[in-house]
Amino acid sequence: MPAVRQLARLFKALSEKNLEAASVVASEIADLEAKKGHPSAAQMLRGALHSNGMRKGRPAEPITGILTNGSFLESALSTASGDVRLKDAMLRPKARKTLETVITETKNGDYLSSLRIRRRYRV
């Protein structure tokens, strides 16, 4: 377990969006775990830090041609454009039927309530 001070430095760097400093602190934490005799933990931390098989010496490559400004959330999340329909989603028949039933129940909630049929809380 890394020291609280190291975690505080990591969180501070992340809150300031200083990814270079956060990367340095994260590397220190991984190195410390290796020195403590926890090679699996160190390897997992390094893998999270240098994801997609990239090594320290290899420059990061843009994924699908999208360049980001370094903000993880901005690059991980994107706005969907256009309407997405349930019929376009690839689902197994049982899952599709269950979702269609829940949608129908939601659309007809007032009518079902008037018949004293309670809203389901589990699928």
# chains A, B, ... in the order shown; residues from 1 in each chain; ligands from 1

$ residues_around --residues "range 108-123 of chain A" --least-positions-apart "2" --cutoff "12 Å" --atoms "only C-alpha atoms" --output "list in words"
Lys94, Ala95, Lys97, Thr98, Leu99, Glu100, Thr101, Val102, Ile103, Thr104, Glu105 and Thr106 of chain A

$ write_last_selection --atoms "C-alpha atoms" --output "PDB file, in the first residue's frame"
ATOM      1  CA  LYS A  94     -34.451 -12.866 -24.441  1.00  0.00           C
ATOM      2  CA  ALA A  95     -32.704  -9.591 -23.540  1.00  0.00           C
ATOM      3  CA  LYS A  97     -37.903  -9.051 -25.219  1.00  0.00           C
ATOM      4  CA  THR A  98     -37.184  -8.063 -21.608  1.00  0.00           C
ATOM      5  CA  LEU A  99     -36.105  -4.550 -22.592  1.00  0.00           C
ATOM      6  CA  GLU A 100     -39.130  -4.090 -24.854  1.00  0.00           C
ATOM      7  CA  THR A 101     -41.403  -5.193 -21.992  1.00  0.00           C
ATOM      8  CA  VAL A 102     -39.797  -2.707 -19.581  1.00  0.00           C
ATOM      9  CA  ILE A 103     -40.119   0.101 -22.161  1.00  0.00           C
ATOM     10  CA  THR A 104     -43.778  -0.740 -22.748  1.00  0.00           C
ATOM     11  CA  GLU A 105     -44.451  -0.799 -19.001  1.00  0.00           C
ATOM     12  CA  THR A 106     -42.720   2.565 -18.594  1.00  0.00           C
TER      13      THR A 106
END

$ closest_residue --among "A:Leu49, A:Gly82, A:Pro93, A:Gln6" --to "Leu19 in chain A" --atoms "only C-alpha atoms"
A:Leu49

$ residues_around --residues "range 20-34 of chain A" --least-positions-apart "4" --cutoff "9 Å" --atoms "only C-alpha atoms" --output "ChimeraX atom specification"
/A:1-3,6-7,9-14,38-46,49

$ write_last_selection --atoms "C-alpha atoms" --output "JSON list (two decimals), in the first residue's frame"
[["chain", "number", "residue", "atom", "x", "y", "z"],
["A", 1, "MET", "CA", 0.00, 0.00, 0.00],
["A", 2, "PRO", "CA", 1.49, 3.35, -1.00],
["A", 3, "ALA", "CA", 2.06, 5.98, 1.62],
["A", 6, "GLN", "CA", 2.26, 9.66, -2.19],
["A", 7, "LEU", "CA", -1.46, 9.21, -2.75],
["A", 9, "ARG", "CA", 0.58, 13.95, -4.30],
["A", 10, "LEU", "CA", -1.05, 11.77, -6.96],
["A", 11, "PHE", "CA", -4.55, 13.11, -6.25],
["A", 12, "LYS", "CA", -3.28, 16.69, -6.19],
["A", 13, "ALA", "CA", -1.57, 16.27, -9.56],
["A", 14, "LEU", "CA", -4.72, 14.72, -11.01],
["A", 38, "HIS", "CA", 5.03, -7.27, -4.74],
["A", 39, "PRO", "CA", 5.94, -7.84, -8.40],
["A", 40, "SER", "CA", 2.37, -8.60, -9.50],
["A", 41, "ALA", "CA", 1.06, -5.38, -7.97],
["A", 42, "ALA", "CA", 3.92, -3.40, -9.54],
["A", 43, "GLN", "CA", 3.26, -4.97, -12.93],
["A", 44, "MET", "CA", -0.47, -4.23, -12.68],
["A", 45, "LEU", "CA", 0.21, -0.59, -11.78],
["A", 46, "ARG", "CA", 2.71, -0.18, -14.60],
["A", 49, "LEU", "CA", 0.01, 3.55, -16.35]]

$ atom_distance --atom1 "CA of Lys17 in chain A" --atom2 "CA of Lys35 in chain A"
28.3 Å

$ decode --residues "range 16-50 of chain A" --atoms "C-alpha atoms" --output "mmCIF file, in the first residue's frame"
data_model
loop_
_atom_site.group_PDB
_atom_site.id
_atom_site.type_symbol
_atom_site.label_atom_id
_atom_site.label_comp_id
_atom_site.auth_asym_id
_atom_site.auth_seq_id
_atom_site.Cartn_x
_atom_site.Cartn_y
_atom_site.Cartn_z
ATOM 1 C CA GLU A 16 -4.686 20.052 -11.178
ATOM 2 C CA LYS A 17 -4.757 18.051 -14.447
ATOM 3 C CA ASN A 18 -0.970 17.798 -14.262
ATOM 4 C CA LEU A 19 -0.637 14.426 -15.981
ATOM 5 C CA GLU A 20 3.149 14.570 -16.139
ATOM 6 C CA ALA A 21 3.461 14.896 -12.353
ATOM 7 C CA ALA A 22 0.762 12.264 -11.826
ATOM 8 C CA SER A 23 2.654 9.876 -14.088
ATOM 9 C CA VAL A 24 5.875 10.430 -12.102
ATOM 10 C CA VAL A 25 4.135 9.759 -8.779
ATOM 11 C CA ALA A 26 2.350 6.702 -10.190
ATOM 12 C CA SER A 27 5.690 5.321 -11.414
ATOM 13 C CA GLU A 28 7.163 5.889 -7.950
ATOM 14 C CA ILE A 29 4.281 3.954 -6.401
ATOM 15 C CA ALA A 30 4.804 1.057 -8.844
ATOM 16 C CA ASP A 31 8.548 1.032 -8.130
ATOM 17 C CA LEU A 32 7.895 1.027 -4.382
ATOM 18 C CA GLU A 33 5.582 -1.981 -4.711
ATOM 19 C CA ALA A 34 8.300 -3.837 -6.648
ATOM 20 C CA LYS A 35 10.870 -3.016 -3.942
ATOM 21 C CA LYS A 36 8.464 -4.296 -1.281
ATOM 22 C CA GLY A 37 8.403 -7.651 -3.058
ATOM 23 C CA HIS A 38 5.031 -7.274 -4.742
ATOM 24 C CA PRO A 39 5.942 -7.838 -8.405
ATOM 25 C CA SER A 40 2.372 -8.601 -9.500
ATOM 26 C CA ALA A 41 1.064 -5.384 -7.974
ATOM 27 C CA ALA A 42 3.916 -3.398 -9.538
ATOM 28 C CA GLN A 43 3.259 -4.975 -12.926
ATOM 29 C CA MET A 44 -0.467 -4.228 -12.681
ATOM 30 C CA LEU A 45 0.209 -0.591 -11.778
ATOM 31 C CA ARG A 46 2.711 -0.180 -14.601
ATOM 32 C CA GLY A 47 0.261 -1.798 -17.001
ATOM 33 C CA ALA A 48 -2.431 0.672 -15.957
ATOM 34 C CA LEU A 49 0.010 3.551 -16.345
ATOM 35 C CA HIS A 50 1.251 2.460 -19.787
#
